[in-house]
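Working notes, structure below.
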Amino acid sequence: MTILIEQPEFGVEVGTEAGEKKVFEDEKELVLDDGLFVVPHTNSFGQTFRDYDAEGERQPSVEIFYQINHINQTYDFVQRMRKEYRKLNRVEMSIWECCELLNEVVDESDPDLDEPQIEHLLQTAEAIRKDYPNEDWLHLTGLIHDLGKVLLLPSFGELTQWAVVGDTFPVGCAFDQANVHHKYFKENPDYYNPAYNTKFGVYSEGCGLENVMMSWGHDDYMYLVAKENNCTLPSAALFIIRYHSFYALHKAGAYKHLMNEEDVENLNWLHVFNKYDLYSKSKVRIDVEKVKPYYLSLIEKYFPSKLRW
């Protein structure tokens with residue numbers, strides 16, 4: 001039996017009658033077979049996903065978070081943070097040790113989740129593994145995509161939440177209306193700087209997202225950690241890690257004028273990944289010890305035993 005579920009915000013086909021996995025940029029519905037991951041209708045709070053206007057206990061704090069984030073994420077700030085954290089001189093540890101560190105982290109910017117981050121990592125990875133059993137790199141990407149949130153912990157500088165989590169966006173060019181709580185960008189000094197407030201800003205058409213400065217946070221940090229430690233994950237995995245919170249792009253289609261051909265290809269995989277990242281946030285518990293050996297084998301395949309962080 002095949003179930004058709006309308007999801008206009010995604011451009012993927014994730015299953016066929018024959019069980020094949022295909023990606024289509026303009027497809028408007030998800031096709032899910034029995035036994036595959038099923039998109040839930042509500043988040044952990046009983047509300048629709050990514051509804052930043054929904055009344056709820058976390059709505060006020062989430063909006064305040066984005067106000068502070070949008071005021072302070074400037075081009076100069078991002079440059080300073082990238083220069084400092086690219087040194088990777090704070091901690092030396094394995095990927096799995098970093099996973100375990102996330103047990104105490106809760107993302108205050110997320111209106112859908114109030115569970116420890118390790119739960120979300122395993123929920124995401126296992127949901128992907130169920131539907132894409134042969135794409136082991138994608139399973140591992142699901143596990144590690146949020147590891148940069150260790151920036152909230154003392155050993156990593158104990159950065160404030162607005163400098164670690166939340167939706168990401170380019171700095172150095174105009175802030176697109178597709179960014180959540182866009183109104184607060186008017187309090188960001190870059191909003192009025194003629195060097196940064198035009199469509200292209202300091203960039204050029206088709207320059208490639210790799211050359212674009214993104215608001216600083218766990219995404220860019222984990223991207224730097226993976227790249228500088230010479231991981232062997234494919235470019236699509238690094239793209240997912242760096243841009244999985246870039247919802248203005250992969251949900252609304254903003255900023256595509258900055259993308260190159262490789263970005264276009266990798267965006268297809270990000271669309272696939274996003275379903276699992278967003279909709280696997282649930283109360284389902286994962287048996288960590290049962291799945292741990294499998295993920296340790298993937299870590300050994302794609303990463304050195306110890307990484308600089």
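Order determines the names: the first chain of the structure tokens is A, the second B, and so forth; residues in each chain are numbered 1 upward, and ligands are numbered 1 upward as they are shown.
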If you take only C-alpha atoms and a cut-off of 12 Å, which residues of segment 180-267 of chain A touch segment 92-104 of chain A, and what are their nearest atom pairs and distances in Å to one decimal, in chain and number order, as CSV?
```
residue,atom,partner,partner_atom,distance
A:Met222,CA,A:Ile95,CA,10.8
A:Val225,CA,A:Ile95,CA,10.4
A:Ala226,CA,A:Ile95,CA,10.0
A:Asn229,CA,A:Glu92,CA,11.0
A:Cys231,CA,A:Ile95,CA,11.2
```
- Could you work out how far atom CA of Val272 of chain A lies from atom CA of Pro133 of chain A, giving the answer in Å with one decimal?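 Separating atom CA of Pro133 of chain A from atom CA of Val272 of chain A is a distance of 13.9 Å.
Reported to one decimal place, the separation of atom CA of Phe239 of chain A from atom CA of Glu205 of chain A is 18.9 Å.
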Record the distance separating atom CA of Gln73 of chain A and atom CA of Ala252 of chain A, expressed in Å with one decimal.
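For atom CA of Gln73 of chain A relative to atom CA of Ala252 of chain A, the distance reads 20.7 Å.
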I need the residue nearest Asn188 of chain A from this list: A:Val171, A:Val164, A:Leu140, A:Cys207. Use only C-alpha atoms for the distance.
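Comparing A:Val171, A:Val164, A:Leu140, A:Cys207 against Asn188 of chain A, the winner is A:Val171.
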>> Please identify the alpha helix (DSSP H) residues within segment 40-277 of chain A (assignment by DSSP from backbone atoms) and present them as number ranges by chain.
In response: A: 59-72, 75-85, 95-101, 117-131, 136-144, 218-228, 235-243, 247-250, 261-277
For Phe273 of chain A, list every protein, DNA or RNA residue within 10 Å, evaluated using only C-alpha atoms, and leave out those in the same chain fewer than 3 positions away; present the list as a compact mmCIF listing (two decimals) with C-alpha atoms, in the first residue's frame.
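New file part11.txt:
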```txt
# COMPACT_ATOMS: atom_id res chain seq x y z
CA VAL A 12 11.44 15.03 -2.58
CA THR A 124 17.03 11.25 13.25
CA ALA A 125 19.74 8.71 12.42
CA ILE A 128 17.05 7.69 8.02
CA LEU A 138 23.54 9.70 5.66
CA HIS A 139 22.92 7.67 8.84
CA THR A 141 25.21 12.60 9.21
CA GLY A 142 21.92 12.24 11.09
CA ALA A 237 27.08 15.34 4.16
CA ILE A 240 23.74 19.03 5.27
CA HIS A 244 20.42 22.05 7.93
CA LEU A 267 20.32 20.68 -1.82
CA ASN A 268 18.41 17.61 -3.03
CA TRP A 269 19.99 15.57 -0.24
CA LEU A 270 19.29 18.33 2.28
CA TYR A 276 13.95 13.30 9.30
CA ASP A 277 15.61 16.17 11.16
CA LEU A 278 12.36 18.06 11.64
```
Of A:Lys301, A:Ser215, A:Glu261, A:Val105, the one sitting nearest Glu158 of chain A when using only C-alpha atoms is A:Val105
For Pro194 of chain A: contacts at 10 Å, only C-alpha atoms, fewer than 6 positions along chain excluded, given as a PyMOL selection string: chain A and resi 172-174+201
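The closest residue to Ile286 of chain A, picked from A:Glu262, A:Glu187, A:Glu126, A:Glu135 and counting only C-alpha atoms, is A:Glu126.
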Restricting to only C-alpha atoms, whichever of A:Arg90, A:His218, A:His145, A:Lys183 is closest to Ile241 of chain A is A:His145
>> I'd like the neighbourhood of Lys186 of chain A as a VMD selection string, where a residue qualifies if any of its atoms comes within 9 Å (using only C-alpha atoms), though same-chain residues fewer than 6 positions away should be ignored.
In response: chain A and resid 70 to 71 192
